[in-house]
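Below is the file query00.csv, which contains CSV, C-alpha atoms.
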chain,number,residue,atom,x,y,z
A,1,MET,CA,-11.4,-16.7,5.3
A,2,ALA,CA,-8.5,-15.3,3.4
A,3,ALA,CA,-6.1,-12.9,5.0
A,4,LYS,CA,-3.3,-10.6,3.8
A,5,GLY,CA,-0.2,-12.6,3.5
A,6,ASP,CA,-1.9,-15.9,2.7
A,7,MET,CA,-0.5,-18.0,-0.1
A,8,VAL,CA,-2.8,-20.5,-1.8
A,9,TYR,CA,-3.5,-22.5,-4.9
A,10,ALA,CA,-6.8,-21.5,-6.5
A,11,TRP,CA,-8.9,-22.6,-9.4
A,12,THR,CA,-12.2,-21.8,-10.9
A,13,THR,CA,-15.3,-24.1,-10.7
A,14,ASP,CA,-16.6,-22.7,-13.9
A,15,LYS,CA,-15.9,-25.4,-16.5
A,16,GLU,CA,-16.3,-23.1,-19.5
A,17,ILE,CA,-13.6,-20.8,-18.1
A,18,ALA,CA,-11.4,-23.7,-16.9
A,19,ASP,CA,-11.5,-25.2,-20.5
A,20,LYS,CA,-10.3,-22.0,-22.1
A,21,ALA,CA,-8.0,-20.5,-19.4
A,22,GLU,CA,-4.5,-21.3,-18.3
A,23,LEU,CA,-3.6,-22.5,-14.8
A,24,GLY,CA,-7.1,-23.3,-13.6
A,25,GLY,CA,-8.7,-20.0,-14.6
A,26,ALA,CA,-8.6,-18.5,-11.1
A,27,VAL,CA,-7.9,-14.9,-12.3
A,28,THR,CA,-10.8,-15.0,-14.9
A,29,GLY,CA,-13.0,-16.6,-12.3
A,30,LEU,CA,-12.4,-14.0,-9.7
A,31,LEU,CA,-12.9,-11.1,-12.2
A,32,LYS,CA,-16.2,-12.6,-13.4
A,33,PHE,CA,-17.4,-13.0,-9.8
A,34,ALA,CA,-16.4,-9.4,-9.0
A,35,LEU,CA,-18.4,-8.2,-12.1
A,36,GLU,CA,-21.4,-10.4,-11.3
A,37,LYS,CA,-21.6,-9.2,-7.7
A,38,LYS,CA,-21.1,-5.5,-8.6
A,39,ILE,CA,-17.9,-5.3,-6.7
A,40,VAL,CA,-16.7,-3.7,-9.9
A,41,ASP,CA,-18.6,-2.0,-12.7
A,42,ALA,CA,-16.3,-3.2,-15.4
A,43,VAL,CA,-13.1,-5.2,-16.0
A,44,LEU,CA,-10.2,-3.9,-18.1
A,45,VAL,CA,-8.3,-6.8,-19.7
A,46,VAL,CA,-6.2,-7.6,-22.7
A,47,LYS,CA,-7.5,-10.1,-25.3
A,48,LYS,CA,-6.0,-11.5,-28.5
A,49,GLY,CA,-6.9,-9.5,-31.6
A,50,GLN,CA,-6.0,-10.8,-35.1
A,51,ASP,CA,-3.3,-13.1,-33.8
A,52,ILE,CA,-1.0,-13.7,-30.9
A,53,TYR,CA,1.0,-10.6,-31.8
A,54,ASP,CA,-2.0,-8.3,-31.5
A,55,ALA,CA,-3.0,-7.3,-27.9
A,56,VAL,CA,-6.3,-5.4,-27.7
A,57,PRO,CA,-7.3,-3.6,-24.5
A,58,THR,CA,-10.9,-4.5,-23.8
A,59,LEU,CA,-13.4,-3.1,-21.3
A,60,VAL,CA,-15.8,-5.8,-20.3
A,61,THR,CA,-19.2,-5.2,-18.6
A,62,ASN,CA,-20.9,-8.5,-19.4
A,63,PRO,CA,-19.5,-11.3,-17.1
A,64,ALA,CA,-20.1,-13.9,-19.8
A,65,ASP,CA,-17.6,-12.1,-22.1
A,66,LEU,CA,-14.7,-12.6,-19.8
A,67,LYS,CA,-14.2,-16.2,-20.9
A,68,ASN,CA,-12.9,-14.8,-24.2
A,69,THR,CA,-10.1,-12.9,-22.5
A,70,ALA,CA,-8.5,-15.8,-20.6
A,71,GLY,CA,-4.8,-16.6,-21.2
A,72,SER,CA,-1.6,-14.6,-21.6
A,73,LEU,CA,0.0,-12.7,-24.5
A,74,HIS,CA,3.7,-12.3,-24.1
A,75,CYS,CA,4.0,-10.9,-27.6
A,76,GLY,CA,1.4,-8.2,-27.2
A,77,THR,CA,3.0,-5.3,-25.4
A,78,MET,CA,1.1,-2.4,-23.9
A,79,LEU,CA,0.6,-0.5,-20.6
A,80,LEU,CA,-2.9,-0.3,-19.2
A,81,ALA,CA,-2.3,2.5,-16.6
A,82,LYS,CA,-2.5,5.4,-19.0
A,83,LEU,CA,-5.7,4.0,-20.6
A,84,VAL,CA,-7.4,4.2,-17.2
A,85,LYS,CA,-6.6,7.9,-16.9
A,86,LYS,CA,-7.2,8.8,-20.6
A,87,TYR,CA,-10.3,6.9,-21.4
A,88,LEU,CA,-11.9,5.9,-18.1
A,89,ASP,CA,-11.6,9.2,-16.2
A,90,GLY,CA,-9.1,7.7,-13.8
A,91,ALA,CA,-11.7,5.4,-12.3
A,92,GLU,CA,-13.1,8.4,-10.6
A,93,HIS,CA,-16.7,7.5,-11.2
A,94,MET,CA,-16.4,3.8,-12.0
A,95,LYS,CA,-15.1,0.8,-10.1
A,96,ILE,CA,-12.8,-1.2,-12.3
A,97,GLY,CA,-11.1,-4.6,-12.0
A,98,ILE,CA,-7.8,-4.8,-13.9
A,99,THR,CA,-5.3,-7.6,-14.5
A,100,VAL,CA,-1.9,-6.0,-14.1
A,101,LYS,CA,1.7,-6.8,-14.8
A,102,GLY,CA,4.3,-5.2,-12.6
A,103,CYS,CA,4.7,-2.1,-14.9
A,104,ASP,CA,0.9,-1.7,-15.1
A,105,MET,CA,0.7,-1.7,-11.3
A,106,MET,CA,3.6,0.8,-11.0
A,107,GLY,CA,2.0,3.1,-13.6
A,108,LEU,CA,-1.2,3.1,-11.6
A,109,TYR,CA,0.6,4.0,-8.4
A,110,GLU,CA,2.5,6.9,-10.1
A,111,LEU,CA,-0.7,8.3,-11.6
A,112,ALA,CA,-2.5,7.9,-8.2
A,113,LYS,CA,0.2,10.0,-6.5
A,114,ARG,CA,-0.5,12.7,-9.0
A,115,GLN,CA,-4.3,12.4,-8.4
A,116,GLN,CA,-4.9,11.2,-11.9
A,117,VAL,CA,-6.4,7.8,-11.0
A,118,ASN,CA,-8.5,6.7,-7.9
A,119,LEU,CA,-7.0,3.5,-6.5
A,120,ASP,CA,-10.0,3.2,-4.1
A,121,ASN,CA,-12.1,2.3,-7.2
A,122,ILE,CA,-9.6,-0.1,-8.7
A,123,VAL,CA,-9.2,-3.8,-7.9
A,124,MET,CA,-5.8,-5.0,-9.2
A,125,ILE,CA,-5.2,-8.7,-9.8
A,126,GLY,CA,-1.5,-8.9,-10.5
A,127,VAL,CA,0.1,-11.6,-12.7
A,128,ASN,CA,3.7,-12.6,-12.5
A,129,CYS,CA,5.7,-11.4,-15.4
A,130,GLY,CA,9.0,-12.6,-16.7
A,131,GLY,CA,8.9,-10.1,-19.6
A,132,SER,CA,7.3,-9.6,-22.9
A,133,VAL,CA,8.5,-9.6,-26.5
A,134,SER,CA,7.8,-6.8,-29.0
A,135,PRO,CA,5.4,-8.1,-31.7
A,136,VAL,CA,7.9,-7.2,-34.5
A,137,MET,CA,10.7,-8.9,-32.7
A,138,ALA,CA,8.5,-11.9,-32.0
A,139,ARG,CA,7.7,-12.5,-35.6
A,140,LYS,CA,11.4,-12.0,-36.6
A,141,MET,CA,12.6,-14.3,-33.9
A,142,ILE,CA,10.1,-17.1,-34.7
A,143,LYS,CA,11.0,-16.9,-38.4
A,144,GLU,CA,14.8,-16.7,-38.1
A,145,LYS,CA,15.6,-18.7,-34.9
A,146,PHE,CA,12.7,-21.1,-34.7
A,147,GLU,CA,12.5,-21.5,-38.5
A,148,ILE,CA,8.7,-21.5,-38.3
A,149,ASP,CA,6.2,-19.3,-40.2
A,150,PRO,CA,5.0,-16.8,-37.5
A,151,ASP,CA,1.5,-16.9,-38.9
A,152,THR,CA,1.2,-20.6,-38.0
A,153,VAL,CA,1.9,-20.1,-34.3
A,154,LYS,CA,-1.2,-20.6,-32.2
A,155,LYS,CA,0.2,-20.1,-28.8
A,156,GLU,CA,3.4,-19.0,-27.0
A,157,GLU,CA,4.7,-19.0,-23.5
A,158,ILE,CA,7.8,-18.3,-21.4
A,159,ASP,CA,8.4,-21.2,-19.1
A,160,LYS,CA,11.5,-22.7,-17.3
A,161,GLY,CA,13.8,-20.3,-19.0
A,162,GLN,CA,12.6,-21.0,-22.5
A,163,PHE,CA,10.5,-19.2,-25.1
A,164,ILE,CA,8.1,-21.9,-26.3
A,165,VAL,CA,5.8,-21.8,-29.3
A,166,GLU,CA,3.0,-24.1,-30.3
A,167,PHE,CA,2.3,-24.2,-34.1
A,168,GLU,CA,0.5,-26.4,-36.6
A,169,GLY,CA,2.3,-29.7,-36.3
A,170,GLY,CA,4.0,-29.4,-33.0
A,171,HIS,CA,5.9,-27.2,-30.5
A,172,LYS,CA,9.4,-25.9,-30.0
A,173,GLY,CA,11.3,-24.1,-27.2
A,174,ILE,CA,14.6,-22.3,-27.2
A,175,SER,CA,16.5,-21.0,-24.2
A,176,MET,CA,15.8,-17.4,-23.5
A,177,ASP,CA,19.5,-16.8,-22.6
A,178,GLU,CA,20.5,-18.1,-26.0
A,179,LEU,CA,17.9,-15.9,-27.8
A,180,GLU,CA,18.8,-12.7,-25.9
A,181,GLU,CA,22.6,-13.2,-26.3
A,182,GLN,CA,21.9,-13.2,-30.1
A,183,GLY,CA,19.8,-10.1,-30.0
A,184,TYR,CA,16.4,-11.7,-29.8
A,185,GLY,CA,14.1,-12.3,-26.9
A,186,ARG,CA,12.4,-10.0,-24.5
A,187,ARG,CA,12.2,-6.2,-24.7
A,188,THR,CA,15.3,-4.6,-23.2
A,189,ASN,CA,13.4,-2.9,-20.4
A,190,CYS,CA,11.8,-6.2,-19.4
A,191,ARG,CA,15.3,-7.7,-19.1
A,192,ARG,CA,16.2,-5.0,-16.6
A,193,CYS,CA,13.0,-5.2,-14.7
A,194,LYS,CA,13.2,-6.2,-11.0
A,195,LEU,CA,9.5,-6.4,-10.2
A,196,LYS,CA,8.4,-9.8,-11.2
A,197,ILE,CA,5.7,-10.5,-8.7
A,198,PRO,CA,3.4,-7.4,-8.4
A,199,ARG,CA,2.8,-7.4,-4.6
A,200,GLY,CA,1.4,-3.9,-4.8
A,201,ALA,CA,-1.7,-5.4,-6.4
A,202,ASP,CA,-4.5,-6.8,-4.3
A,203,LEU,CA,-3.7,-10.3,-5.4
A,204,ALA,CA,-0.5,-11.6,-7.0
A,205,CYS,CA,-1.1,-14.6,-9.2
A,206,GLY,CA,1.0,-16.9,-11.4
A,207,ASN,CA,2.2,-20.4,-12.0
A,208,TRP,CA,5.5,-20.2,-10.2
A,209,GLY,CA,5.4,-22.6,-7.2
A,210,VAL,CA,2.4,-24.6,-8.3
A,211,ILE,CA,3.6,-28.3,-8.0
A,212,GLY,CA,2.2,-31.7,-7.5
A,213,ASP,CA,-1.2,-32.7,-8.7
A,214,LYS,CA,-2.1,-29.0,-9.0
A,215,ALA,CA,0.6,-28.2,-11.5
A,216,GLY,CA,-1.0,-26.7,-14.6
A,217,LYS,CA,-4.4,-26.9,-13.0
A,218,ALA,CA,-4.3,-24.1,-10.4
A,219,THR,CA,-2.9,-20.6,-9.9
A,220,PHE,CA,-0.6,-19.6,-7.1
A,221,VAL,CA,-2.2,-16.7,-5.3
A,222,GLU,CA,-0.6,-14.4,-2.8
A,223,VAL,CA,-3.0,-12.2,-0.9
A,224,CYS,CA,-1.5,-8.7,-0.8
A,225,SER,CA,-4.2,-6.4,0.6
A,226,GLN,CA,-7.4,-6.5,2.6
A,227,LYS,CA,-9.3,-5.7,-0.7
A,228,GLY,CA,-7.8,-8.8,-2.2
A,229,ALA,CA,-8.5,-10.9,0.9
A,230,ASP,CA,-12.2,-9.9,0.8
A,231,LEU,CA,-12.5,-10.7,-2.9
A,232,LEU,CA,-11.0,-14.1,-2.5
A,233,SER,CA,-13.0,-14.9,0.6
A,234,GLN,CA,-16.3,-13.9,-1.0
A,235,ALA,CA,-15.6,-15.9,-4.2
A,236,GLU,CA,-14.6,-19.0,-2.3
A,237,LYS,CA,-17.7,-18.7,0.0
A,238,ALA,CA,-19.9,-18.4,-3.2
A,239,GLY,CA,-18.3,-21.5,-4.6
A,240,VAL,CA,-16.9,-19.9,-7.7
A,241,VAL,CA,-13.3,-20.7,-6.8
A,242,LYS,CA,-11.7,-23.3,-4.7
A,243,THR,CA,-8.5,-23.0,-2.8
A,244,GLU,CA,-6.0,-25.0,-0.8
A,245,LYS,CA,-2.9,-23.9,1.1
A,246,ALA,CA,0.2,-23.6,-1.1
A,247,ASN,CA,2.7,-26.4,-0.8
A,248,GLU,CA,5.7,-25.3,1.3
A,249,LYS,CA,8.1,-26.7,-1.3
A,250,GLY,CA,6.1,-24.8,-3.9
A,251,ILE,CA,6.5,-21.6,-1.9
A,252,GLU,CA,10.3,-22.2,-1.8
A,253,ILE,CA,10.4,-22.9,-5.6
A,254,ARG,CA,8.5,-19.7,-6.3
A,255,GLY,CA,11.0,-17.7,-4.2
A,256,LYS,CA,13.9,-19.3,-6.1
A,257,VAL,CA,12.3,-18.5,-9.5
A,258,GLU,CA,11.8,-14.9,-8.4
A,259,SER,CA,15.3,-14.6,-7.1
A,260,ALA,CA,16.8,-16.0,-10.3
A,261,MET,CA,14.7,-13.4,-12.3
A,262,LEU,CA,16.0,-10.6,-10.1
A,263,LYS,CA,19.6,-11.6,-10.6
A,264,LEU,CA,19.0,-11.7,-14.3
A,265,GLY,CA,17.6,-8.2,-14.0
A,266,ASP,CA,20.8,-7.1,-12.3
A,267,LYS,CA,22.9,-8.7,-15.0
A,268,TRP,CA,21.1,-6.8,-17.8
A,269,ARG,CA,21.2,-3.5,-15.9
A,270,ALA,CA,25.0,-3.8,-15.5
A,271,LYS,CA,25.4,-4.7,-19.1
A,272,ASP,CA,23.1,-2.1,-20.6
A,273,PHE,CA,24.3,0.8,-18.3
A,274,ALA,CA,27.9,-0.1,-18.9
A,275,ASN,CA,27.4,0.1,-22.6
A,276,LEU,CA,25.7,3.5,-22.2
A,277,GLY,CA,28.8,4.8,-20.4
A,278,ASP,CA,29.2,7.4,-17.7
A,279,GLY,CA,29.5,11.2,-17.6
A,280,ARG,CA,30.4,13.0,-20.8
A,281,LYS,CA,30.3,9.7,-22.8
A,282,ARG,CA,26.8,9.0,-21.7
A,283,LEU,CA,25.7,12.5,-22.5
A,284,GLU,CA,27.2,12.4,-26.0
A,285,THR,CA,25.5,9.1,-26.6
A,286,ILE,CA,22.1,10.5,-25.6
A,287,VAL,CA,22.6,13.6,-27.6
A,288,LYS,CA,23.5,11.6,-30.7
A,289,GLU,CA,20.7,9.1,-30.4
A,290,THR,CA,18.0,11.8,-29.7
A,291,SER,CA,19.1,13.8,-32.7
A,292,LYS,CA,17.0,11.3,-34.7
A,293,CYS,CA,13.8,12.6,-33.0
A,294,ILE,CA,11.0,13.8,-35.2
A,295,LYS,CA,9.0,15.3,-32.3
A,296,CYS,CA,6.0,13.0,-32.8
A,297,TYR,CA,5.2,13.1,-29.1
A,298,SER,CA,4.6,9.3,-29.0
A,299,CYS,CA,6.9,9.0,-26.0
A,300,ILE,CA,5.0,11.6,-24.0
A,301,GLU,CA,1.5,10.3,-25.0
A,302,ALA,CA,2.4,6.8,-23.9
A,303,CYS,CA,4.3,7.6,-20.7
A,304,PRO,CA,2.3,7.1,-17.4
A,305,ILE,CA,4.3,9.8,-15.7
A,306,CYS,CA,3.6,12.5,-18.3
A,307,TYR,CA,0.3,13.8,-17.1
A,308,CYS,CA,0.6,17.6,-17.1
A,309,VAL,CA,-2.2,19.7,-18.5
A,310,GLU,CA,0.3,22.0,-20.1
A,311,CYS,CA,3.4,20.2,-21.3
A,312,SER,CA,6.5,22.3,-21.0
A,313,THR,CA,7.8,20.8,-24.3
A,314,ARG,CA,5.0,22.7,-26.1
A,315,LYS,CA,6.1,26.0,-24.6
A,316,PRO,CA,7.6,28.1,-27.5
A,317,TYR,CA,10.0,29.9,-25.0
A,318,LEU,CA,11.5,26.5,-24.1
A,319,VAL,CA,11.2,24.4,-27.3
A,320,ALA,CA,11.1,26.2,-30.6
A,321,PRO,CA,8.0,25.1,-32.6
A,322,GLY,CA,8.4,23.6,-36.0
A,323,GLU,CA,12.0,22.6,-35.4
A,324,VAL,CA,12.9,18.9,-36.3
A,325,PRO,CA,14.9,17.5,-34.8
A,326,PRO,CA,14.0,19.5,-31.7
A,327,ASN,CA,16.6,21.2,-29.6
A,328,PHE,CA,18.0,19.0,-26.9
A,329,MET,CA,16.0,21.0,-24.4
A,330,PHE,CA,13.0,18.9,-25.5
A,331,HIS,CA,14.6,15.8,-24.1
A,332,LEU,CA,16.1,17.5,-21.1
A,333,ILE,CA,12.6,18.6,-20.0
A,334,ARG,CA,11.4,15.0,-20.2
A,335,PHE,CA,14.5,13.7,-18.3
A,336,SER,CA,14.1,16.2,-15.5
A,337,HIS,CA,10.4,15.6,-15.1
A,338,ILE,CA,10.6,11.8,-15.1
A,339,SER,CA,14.1,11.1,-13.7
A,340,ASP,CA,12.9,10.1,-10.2
A,341,SER,CA,9.7,8.4,-11.3
A,342,CYS,CA,10.4,6.3,-14.4
A,343,ILE,CA,8.9,2.8,-13.9
A,344,ASN,CA,10.8,1.3,-16.8
A,345,CYS,CA,7.7,0.3,-18.7
A,346,GLY,CA,9.4,0.8,-22.0
A,347,GLN,CA,6.5,2.4,-23.8
A,348,CYS,CA,8.6,5.5,-24.8
A,349,GLN,CA,11.0,3.1,-26.6
A,350,GLU,CA,8.5,0.6,-27.8
A,351,LEU,CA,6.4,3.2,-29.7
A,352,CYS,CA,9.2,5.4,-31.0
A,353,PRO,CA,9.2,5.4,-34.8
A,354,MET,CA,12.9,6.3,-34.9
A,355,ASP,CA,14.0,3.5,-32.6
A,356,ILE,CA,15.5,5.8,-30.0
A,357,PRO,CA,16.4,3.8,-26.9
A,358,ASN,CA,14.4,6.3,-24.7
A,359,ALA,CA,13.7,3.6,-22.0
A,360,LEU,CA,17.4,3.0,-21.5
A,361,PHE,CA,18.1,6.6,-21.0
A,362,MET,CA,15.2,7.1,-18.6
A,363,HIS,CA,15.8,4.0,-16.6
A,364,ALA,CA,19.6,4.6,-16.2
A,365,GLN,CA,18.8,8.0,-14.7
A,366,GLN,CA,16.1,6.7,-12.5
A,367,VAL,CA,18.4,4.0,-11.1
A,368,GLU,CA,21.0,6.7,-10.3
A,369,MET,CA,18.3,8.8,-8.5
A,370,GLU,CA,17.2,5.7,-6.6
A,371,LYS,CA,20.8,5.1,-5.4
A,372,MET,CA,21.1,8.7,-4.2
A,373,PHE,CA,17.7,9.2,-2.5
A,374,GLY,CA,16.4,5.6,-1.8
A,375,HIS,CA,13.1,6.2,-3.6
A,376,THR,CA,11.7,3.3,-5.7
A,377,PRO,CA,8.9,4.4,-8.1
A,378,GLY,CA,5.6,2.6,-8.5
A,379,ILE,CA,5.5,0.4,-5.4
A,380,SER,CA,3.7,2.6,-2.9
A,381,MET,CA,2.1,6.0,-2.5
A,382,GLU,CA,5.4,7.6,-1.3
A,383,LEU,CA,6.0,10.8,-3.2
A,384,PRO,CA,9.0,10.9,-5.5
A,385,VAL,CA,12.0,13.1,-4.6
A,386,LEU,CA,10.9,16.0,-6.9
A,387,GLY,CA,7.4,15.7,-5.6
A,388,PHE,CA,8.3,17.7,-2.4
A,389,ALA,CA,8.1,21.5,-2.4
A,390,GLU,CA,8.4,24.1,0.2
A,391,GLU,CA,5.6,26.2,-1.1
A,392,LYS,CA,2.5,24.5,0.3
A,393,THR,CA,0.1,26.6,-1.8
A,394,GLU,CA,2.0,25.7,-4.9
A,395,ARG,CA,1.9,22.0,-4.2
A,396,GLU,CA,-1.9,22.3,-3.7
A,397,ARG,CA,-2.2,24.1,-7.0
A,398,LEU,CA,-0.2,21.4,-8.8
A,399,SER,CA,-2.2,18.6,-7.3
A,400,ALA,CA,-5.5,20.3,-8.2
A,401,THR,CA,-4.6,21.3,-11.8
A,402,GLY,CA,-2.0,18.9,-13.0
A,403,SER,CA,0.0,21.9,-14.4
A,404,ASP,CA,3.8,21.7,-14.3
A,405,GLN,CA,4.3,25.4,-14.4
A,406,ILE,CA,5.4,26.0,-10.8
A,407,PHE,CA,6.3,29.7,-11.2
A,408,ASP,CA,4.2,31.7,-13.7
A,409,ILE,CA,7.2,33.9,-14.7
A,410,PHE,CA,6.9,33.2,-18.4
A,411,LYS,CA,4.1,34.2,-20.7
A,412,ALA,CA,3.6,32.2,-23.8
Represent the structure from my file as structure tokens, please.
Amino acid sequence: MAAKGDMVYAWTTDKEIADKAELGGAVTGLLKFALEKKIVDAVLVVKKGQDIYDAVPTLVTNPADLKNTAGSLHCGTMLLAKLVKKYLDGAEHMKIGITVKGCDMMGLYELAKRQQVNLDNIVMIGVNCGGSVSPVMARKMIKEKFEIDPDTVKKEEIDKGQFIVEFEGGHKGISMDELEEQGYGRRTNCRRCKLKIPRGADLACGNWGVIGDKAGKATFVEVCSQKGADLLSQAEKAGVVKTEKANEKGIEIRGKVESAMLKLGDKWRAKDFANLGDGRKRLETIVKETSKCIKCYSCIEACPICYCVECSTRKPYLVAPGEVPPNFMFHLIRFSHISDSCINCGQCQELCPMDIPNALFMHAQQVEMEKMFGHTPGISMELPVLGFAEEKTERERLSATGSDQIFDIFKA
């Protein structure tokens, strides 16, 4: 029987999944089992669309279809958390299994704090994440640095500090450090990320630490919750997955890989935040960059923290309608609402048509708030700093309605 805290190597016994999946297919095997046994009603995964640069969110209800979703897509960037709230009613009336990166997991926690998703109805299988590459950047990088036609690439991976592509006729890898120092590589928010193993999920899975005869044939699984322990135990008892205790040397190697990734995150934070400057210089930079805004609301629509029924940026007494670029108050409202809860998912920057480095501005403020108050967003159900209010009745109203209008002193 699996227990919280266990670390094992796991692999599927389903040959069809094993042939298509990476690392033994344990994640796909567990999700298929959960769907077959009605532990979940559906599974939300990401599958390849037209090519490796096209990630498509897919809700699977037929267990047989899961075999088509196996594998990873480092060049398909999206956040699943907001999709659960927006299209699946926050899992309020449906039990959902989800494969999550660190930022997906953090987004679900932040939405759950705001009573926008029901974590009791969600089974999270976390996957280790060293970062992702924007589809546009990936194609540019592969063409210019790898000197390969991006359309001929069949598979990509990030392994042992390299970005590796498989294409018609061979494969090629280049050091991620080299790529990023030259302006290529992972999204900037991924470089600054310091949540590489999503232990807030029910199971945390990946290839780090799988050594010996299991290397490339099994998944390292850390059991992070009772829910995860129950799922793994039931799947093993049913014979759909097999496990063995993780190698002690493998556990050590996994820890070293994680530590190296965290140090790299510190390096990029120091560099990015230093370039942004402090005080007046930082403010001037933000005002200048945000002056390109066309008020398309893409940043707000994609942000997992933006959940309000009535967005203050649409209040005419705060932000004048029809004004482009909008007054800086538009951005100040977002900064103030999200400053203590930003999970650095990067969606506000990834989807900005004007290439405004929104994620950098948000993340820099969140890190300062974390230093001041000791609150780290997205890792637990602990409320953010600005989530506390003296007025009990007002807090109850906010929780019930999702409105951000604390005091009804303005009339639109």
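Interatomic distance, atom CA of Pro316 of chain A to atom CA of Phe330 of chain A: 10.9 Å.
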**Pick from A:Glu147, A:Glu36, A:Glu350, A:Glu258, whichever lies nearest to Cys299 of chain A using all atoms listed in the file** =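 For Cys299 of chain A, the nearest of the candidates is A:Glu350.
Restricting the calculation to only C-alpha atoms, the smallest distance between Lys32 of chain A and any of A:Val240, A:Cys348, A:Leu119, A:Ala91 is found for A:Val240.
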**Asked** Can you tell me how far atom CA of Lys194 of chain A sits from atom CA of Leu262 of chain A, in Å to one decimal?
**Response** 5.3 Å
**Request:** Between atom CA of Asn121 of chain A and atom CA of Ile96 of chain A, measure the distance and give it in Å to one decimal.
**Result:**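 Taking atom CA of Asn121 of chain A and atom CA of Ile96 of chain A, their separation equals 6.2 Å.
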**Which of A:Cys352, A:Met105, A:Cys75, A:Met1 sits closest to Val153 of chain A [using only C-alpha atoms]** = A:Cys75
